[in-house]
Amino acid sequence: MRTGTRRLSGLIALAAATTLAVGACGTDGGSDAGKPQFSEGFAECEAKPNDCNSGERKQGGTIVFAVNRGVQNWNQFSGDGNLVETVLILNTILPSPFIFLPDGKIQQTELITEAKITSESPQTVVYKINPDAKWDDGTPITADDFTMMWKFQNGKDCPKCNVAGTTGFELISSITGADSGKTVTVTYSSPYPDWQGLFALMPAHVGKKAAGGDLNTPAALEKAFNSFTAQPTWSGWAYKIDKVVKDVQVEVIPNPQWYGKVKPTLDRIIFKMITDQKQNVSALQNKEINGFTAQPSADMVTQVKGLAGVNYEMTGGSVWEHIDVNVKNKYLADQKLREAIFTAISVKDIIQKTMGFWPGAKQLGSHNLLPGTPGYEDIVKKVAPDQGTGNIEKAKQILTEAGYKDVGTALKTPSGEAVPELRFLYREGIQTRLQTGELVQSALAKLGIKIKVEATANLSETLDTYNYDLIIFAWAGNPLLSSNKDLWTTGAGNNKLGWGDPESDRILAEMAKTLDSTKQRQLLNQQDEIMTKAAVVLPLFAKPNLLALSSDYVNIRDNNQGSYVTYNVENWGQKKAQ
Amino acid sequence: MIAYTIRRLLAAIPILVVSSFIIFWVASMSADPIRQRFEGRNPPPPAATIQLERERLNFDAGFFRQYWDWLWGLVVHQNFGPSINSAMDIGGELGRRTVITLRLVLLAMILALVLAVVTGVLSAVRQYSKLDYTFTFLGFLFLAMPSFWLAVVLKQGAIAFNDSVEGSLNRRPIPTINHEASVVPEDFWPRMMDIGLHMVLPTISLALITYAALSRFQRSSMLEVLNSDYIRLARAKGLSARRVMVRHALRTALIPLTTVSALGIASILGGAVVTETVYQWRGMGDLLVNAVRDQDRYVTMGWLLVAGLFVIIGNLVADLLYAVLDPRIRYE
């Protein structure tokens, strides 16, 4: 199995695409409740997410796998090239030292023979590159490739490189190579716990050629960086790009210079662009594609279940929905009112109404970790068991004890001021979020709080300007744990709550510098307790991902941890006849 | 006629400029595409990246300056402006996709016109017959059908057909996505067959929707002509029924259809948006859908210009056809 990181940039893409592109999901009222969410071929996925749908492969064959959009910009490290589909395709050619497995664990790839922290202060990581690792033109993969990627993305050496992110790279103070570039020493100016998810490589010798011979000036780096927006003619992984029909399909074939132990058996993988997800099912039914992944609607699930010769798995994805409260609103600044609101909201009802087609949907108990990943605890149940229960009497009791008046009719603050109508915002066009808003409206009416459910066409602007009282949206969970710091730290770029807590900030800062991931998770759970008690974000559920696949193929399984379905592409194959 | 054609084309320029200005204004009022692109990313993108994107897309300039820069770039450098996707050449993309869409639209239009003329004439000639009622029923049926629904139904029908013949043919003959197969045949005739089969469903979808309205116009136009005095005179003079019908009645009755067809170019382009989405053709319709999704204003502007040009040229061709159909019309 390939090891190799599908890296930070891939994760960024996941967050962006899923948060934004989540479409409206229909409902079927939970008619499938109790039925498994895996078909026969994927039956083991719940217990063995890293090994399900395994099987022996026969030599040869082609697979046509659907992706949601065409590739315009092939540089996945650039701001506008960092899209899920691009990352998913480039997984077949880009080497990286680590990969995230479907269960969230990190695994070393065959790009390296070893990578370890040799010093914690300053943090120093030494990579030993596989002596056989080379690009498809025979050029060895070396420290030069690491250095180029660092210079592209550190925000200093190439200020005009339009990069998707600088996180992690800006903390690297030096990269040096030894043993003909096969030993790479990366030194950080301050600790970076997610170092394993940082690097994925593009060939420095190709960049150097495009830049005119050197990569030592900002202009040369910019030229090289921009040259990678063109269709790659290189590969450092199991496949190489053979043909691109613009906006229609990308075809990859085995890379003869592939140095990994597991050799590809498929003659060709065709990534077919199907931009309207609804067309995936009929294309699969008509055998024009062999598989696809999607965030499913009830209709899609029903249709896929009805297809003969097609296996499917539906697993909790990394995108999680939540209801946030704007604490800048003077009424909602009162924690007791927030607690009462969260207690009155029934997450179970919301799940039944909006995710009824997925029996695996359940209330999420954490703001930082997803179910099934190491360290996950149901923090909500632990420290605020009433939140999300829909317990109206309990909610009334909280308000009454806090001195609120006219509870249940027309709520007034302890000082006698009427609580005004609150605005519940959701992204325009997403039906399930409208339905959630209506359920919240109905629940809070029982407390004497009027809710106006409003759509916003511009979610970012609404969040950035705090132009809401309550809002529902989604974040993409991220196996790079330190990224949670950006979500919840007071005043951080992605903290859209207006909320902050000194102790929470301290824990998050410590977490972002802790190199031990177990300790990191413990710290995140500590921070989660503070946040849950503060009642500012009510986690709802992780949205499902659907993988539908022709039963002729093995070793293909979904990966919601940021490495995507192609994380083990060299293992893909047609099933060997028994 | 050449002078007339040139005058008409020149007159189209201000129309295109004004309409492009309105679209540019509307597009600039909608959501910020850069904000939308980076929305939800955790960790958030560097501020420098956002600023570089703003500069690349010229968003820091004022509204009028942005529009002027776009217009100037287009007229002087034939540059359609920067796309949200930095690697996209909008001009090249429009050219490539126009060819794909024209292939679909022209064939659908021809098919729709032939069907409309045949059924419209037969309906008129046999007014209130079973045949007339049948064509009228079909016309209204297709008129009432949403194009996306018809496309999906046809698709499901094709899949059922493929299921039924797969065993005997050992292949599934009717494709439902794209304008060519994943593995395109290398030989000429198999390739032509492949292209033709990929056109079956989208062409029928688009043609049926278009045909429905045109057939109604053709019927009423034909009825009006058949009841006119000069047709009665022609018959009284003893001309053969065929000569009266084809040379005198049909030719005149085609004039309103020509007008309606020209006006219908805009709606058939609109229909192509839906058809291309359902059948996953990578034509102009798909480009527009993507541009709207990504708030890609310069691509939207480019699309509008090309679509506007189609409509203007279509109307011009219709005007020129009037002279062919009616000898009394002359252009100076």
# chains A, B, ... in the order shown; residues from 1 in each chain; ligands from 1
>>> interface_residues(of="chain B", to="chain A", cutoff="8 Å", atoms="only C-alpha atoms", output="ChimeraX atom specification")
/B:31,35-46,48-49,52-53,84-88,155-156,159,162,172,175-178,182,277-280,282
>>> write_last_selection(atoms="N, CA and C atoms", output="short mmCIF file (atom, residue, chain, number, x, y, z; two decimals), in the first residue's frame")
data_model
loop_
_atom_site.label_atom_id
_atom_site.label_comp_id
_atom_site.auth_asym_id
_atom_site.auth_seq_id
_atom_site.Cartn_x
_atom_site.Cartn_y
_atom_site.Cartn_z
N ALA B 31 -21.81 38.11 -5.52
CA ALA B 31 -20.82 37.78 -4.50
C ALA B 31 -19.39 37.93 -5.02
N ARG B 35 -13.54 35.86 -2.45
CA ARG B 35 -14.00 35.48 -1.11
C ARG B 35 -14.67 34.10 -1.16
N GLN B 36 -15.47 33.91 -2.21
CA GLN B 36 -16.17 32.63 -2.33
C GLN B 36 -15.19 31.48 -2.52
N ARG B 37 -14.17 31.71 -3.32
CA ARG B 37 -13.21 30.64 -3.59
C ARG B 37 -12.49 30.20 -2.31
N PHE B 38 -12.14 31.16 -1.49
CA PHE B 38 -11.36 30.82 -0.30
C PHE B 38 -12.22 30.56 0.93
N GLU B 39 -13.53 30.72 0.77
CA GLU B 39 -14.45 30.55 1.90
C GLU B 39 -14.30 29.15 2.51
N GLY B 40 -14.22 29.11 3.80
CA GLY B 40 -14.23 27.82 4.49
C GLY B 40 -12.88 27.15 4.57
N ARG B 41 -11.85 27.74 4.01
CA ARG B 41 -10.55 27.08 4.07
C ARG B 41 -9.94 27.25 5.45
N ASN B 42 -9.51 26.15 5.98
CA ASN B 42 -8.88 26.17 7.29
C ASN B 42 -7.58 25.39 7.23
N PRO B 43 -6.44 25.99 7.42
CA PRO B 43 -6.25 27.40 7.76
C PRO B 43 -6.57 28.33 6.58
N PRO B 44 -6.89 29.57 6.90
CA PRO B 44 -7.25 30.51 5.83
C PRO B 44 -6.06 30.81 4.93
N PRO B 45 -6.32 31.23 3.69
CA PRO B 45 -5.20 31.52 2.78
C PRO B 45 -4.43 32.75 3.25
N PRO B 46 -3.17 32.85 2.87
CA PRO B 46 -2.41 34.04 3.25
C PRO B 46 -3.04 35.30 2.65
N ALA B 48 -1.55 37.69 1.42
CA ALA B 48 -0.84 38.04 0.18
C ALA B 48 -1.46 37.33 -1.02
N THR B 49 -1.90 36.11 -0.81
CA THR B 49 -2.53 35.36 -1.91
C THR B 49 -3.82 36.02 -2.34
N LEU B 52 -2.95 39.12 -4.24
CA LEU B 52 -2.46 38.80 -5.59
C LEU B 52 -3.62 38.46 -6.52
N GLU B 53 -4.58 37.75 -5.99
CA GLU B 53 -5.75 37.40 -6.79
C GLU B 53 -6.55 38.65 -7.16
N ILE B 84 -11.32 33.50 -13.16
CA ILE B 84 -11.04 33.08 -11.78
C ILE B 84 -10.00 31.95 -11.79
N ASN B 85 -10.08 31.12 -12.82
CA ASN B 85 -9.08 30.06 -12.99
C ASN B 85 -7.92 30.65 -13.77
N SER B 86 -6.81 30.88 -13.08
CA SER B 86 -5.73 31.66 -13.70
C SER B 86 -5.20 31.02 -14.98
N ALA B 87 -5.33 29.71 -15.10
CA ALA B 87 -4.76 29.06 -16.27
C ALA B 87 -5.71 29.06 -17.46
N MET B 88 -6.90 29.61 -17.29
CA MET B 88 -7.88 29.56 -18.38
C MET B 88 -7.69 30.72 -19.37
N LYS B 155 -32.85 9.93 -21.28
CA LYS B 155 -31.66 9.25 -20.79
C LYS B 155 -32.03 7.90 -20.17
N GLN B 156 -33.05 7.92 -19.34
CA GLN B 156 -33.47 6.66 -18.70
C GLN B 156 -33.98 5.68 -19.74
N ILE B 159 -31.03 4.11 -21.36
CA ILE B 159 -30.39 3.10 -20.48
C ILE B 159 -31.19 1.80 -20.53
N ASN B 162 -30.45 0.17 -23.76
CA ASN B 162 -29.11 -0.46 -23.71
C ASN B 162 -29.14 -1.77 -22.93
N ARG B 172 -23.23 -1.44 -25.24
CA ARG B 172 -24.35 -0.54 -24.94
C ARG B 172 -24.29 0.60 -25.95
N PRO B 175 -24.81 6.16 -25.83
CA PRO B 175 -24.13 6.80 -24.69
C PRO B 175 -25.00 7.90 -24.08
N THR B 176 -24.76 8.18 -22.82
CA THR B 176 -25.59 9.20 -22.14
C THR B 176 -24.78 10.38 -21.64
N ILE B 177 -23.47 10.30 -21.71
CA ILE B 177 -22.67 11.47 -21.29
C ILE B 177 -21.58 11.77 -22.31
N ASN B 178 -21.22 13.06 -22.34
CA ASN B 178 -20.12 13.57 -23.17
C ASN B 178 -20.43 13.54 -24.67
N SER B 182 -15.11 7.59 -23.85
CA SER B 182 -13.89 7.68 -23.05
C SER B 182 -12.69 7.22 -23.86
N THR B 277 -25.86 20.16 -19.55
CA THR B 277 -25.65 19.76 -18.15
C THR B 277 -26.08 18.31 -17.96
N VAL B 278 -27.24 17.97 -18.47
CA VAL B 278 -27.75 16.61 -18.27
C VAL B 278 -26.86 15.59 -19.00
N TYR B 279 -26.43 15.95 -20.23
CA TYR B 279 -25.63 15.01 -21.01
C TYR B 279 -24.13 15.25 -20.88
N GLN B 280 -23.79 16.20 -20.01
CA GLN B 280 -22.37 16.44 -19.71
C GLN B 280 -21.54 16.74 -20.95
N ARG B 282 -19.34 19.40 -22.93
CA ARG B 282 -18.49 20.51 -22.50
C ARG B 282 -18.56 21.64 -23.52
#
>>> residues_around(residues="B:Ile110", least_positions_apart="4", cutoff="12 Å", atoms="only C-alpha atoms", output="PyMOL selection string")
chain B and resi 102-106+114-117+203-204+206-208+210-211+214+261+265+268
>>> write_last_selection(atoms="C-alpha atoms", output="tab-separated table (two decimals), in the first residue's frame")
chain	number	residue	atom	x	y	z
B	102	LEU	CA	-22.79	24.67	-32.54
B	103	ARG	CA	-22.59	21.02	-33.49
B	104	LEU	CA	-25.47	20.34	-31.16
B	105	VAL	CA	-27.51	23.48	-31.72
B	106	LEU	CA	-27.33	23.53	-35.51
B	114	VAL	CA	-37.82	20.14	-40.71
B	115	LEU	CA	-40.20	18.56	-38.22
B	116	ALA	CA	-42.00	21.86	-37.63
B	117	VAL	CA	-42.49	22.58	-41.32
B	203	THR	CA	-30.12	16.45	-30.28
B	204	ILE	CA	-33.50	14.82	-29.78
B	206	LEU	CA	-33.17	19.99	-27.83
B	207	ALA	CA	-34.95	19.48	-31.14
B	208	LEU	CA	-38.23	18.31	-29.60
B	210	THR	CA	-37.67	23.67	-30.10
B	211	TYR	CA	-39.87	21.94	-32.65
B	214	LEU	CA	-42.13	26.26	-34.25
B	261	SER	CA	-36.56	30.79	-35.65
B	265	ILE	CA	-31.73	31.15	-31.25
B	268	ILE	CA	-32.20	27.24	-28.01
>>> select_by_dssp(residues="stretch 254-339 of chain A", states="helix (DSSP H, G or I)", output="list in words")
Gln279, Asn280, Val281, Ser282, Ala283, Leu284, Gln285, Ala298, Asp299, Met300, Val301, Thr302, Gln303, Val304, Lys305, Gln335, Lys336, Leu337, Arg338 and Glu339 of chain A
>>> write_last_selection(atoms="C-alpha atoms", output="mmCIF file, in the first residue's frame")
data_model
loop_
_atom_site.group_PDB
_atom_site.id
_atom_site.type_symbol
_atom_site.label_atom_id
_atom_site.label_comp_id
_atom_site.auth_asym_id
_atom_site.auth_seq_id
_atom_site.Cartn_x
_atom_site.Cartn_y
_atom_site.Cartn_z
ATOM 1 C CA GLN A 279 -25.587 12.473 -13.602
ATOM 2 C CA ASN A 280 -23.140 10.153 -11.867
ATOM 3 C CA VAL A 281 -25.731 7.516 -11.084
ATOM 4 C CA SER A 282 -27.084 7.191 -14.620
ATOM 5 C CA ALA A 283 -23.548 7.180 -16.024
ATOM 6 C CA LEU A 284 -22.691 4.344 -13.635
ATOM 7 C CA GLN A 285 -25.901 2.563 -14.537
ATOM 8 C CA ALA A 298 -31.576 10.773 -0.434
ATOM 9 C CA ASP A 299 -32.440 10.254 -4.103
ATOM 10 C CA MET A 300 -28.889 9.418 -5.007
ATOM 11 C CA VAL A 301 -28.610 6.865 -2.215
ATOM 12 C CA THR A 302 -31.856 5.217 -3.240
ATOM 13 C CA GLN A 303 -30.779 5.046 -6.866
ATOM 14 C CA VAL A 304 -27.345 3.636 -6.058
ATOM 15 C CA LYS A 305 -28.864 0.966 -3.838
ATOM 16 C CA GLN A 335 -24.292 32.263 28.421
ATOM 17 C CA LYS A 336 -27.516 31.185 30.123
ATOM 18 C CA LEU A 337 -29.582 32.202 27.124
ATOM 19 C CA ARG A 338 -27.201 30.313 24.831
ATOM 20 C CA GLU A 339 -27.385 27.232 27.051
#
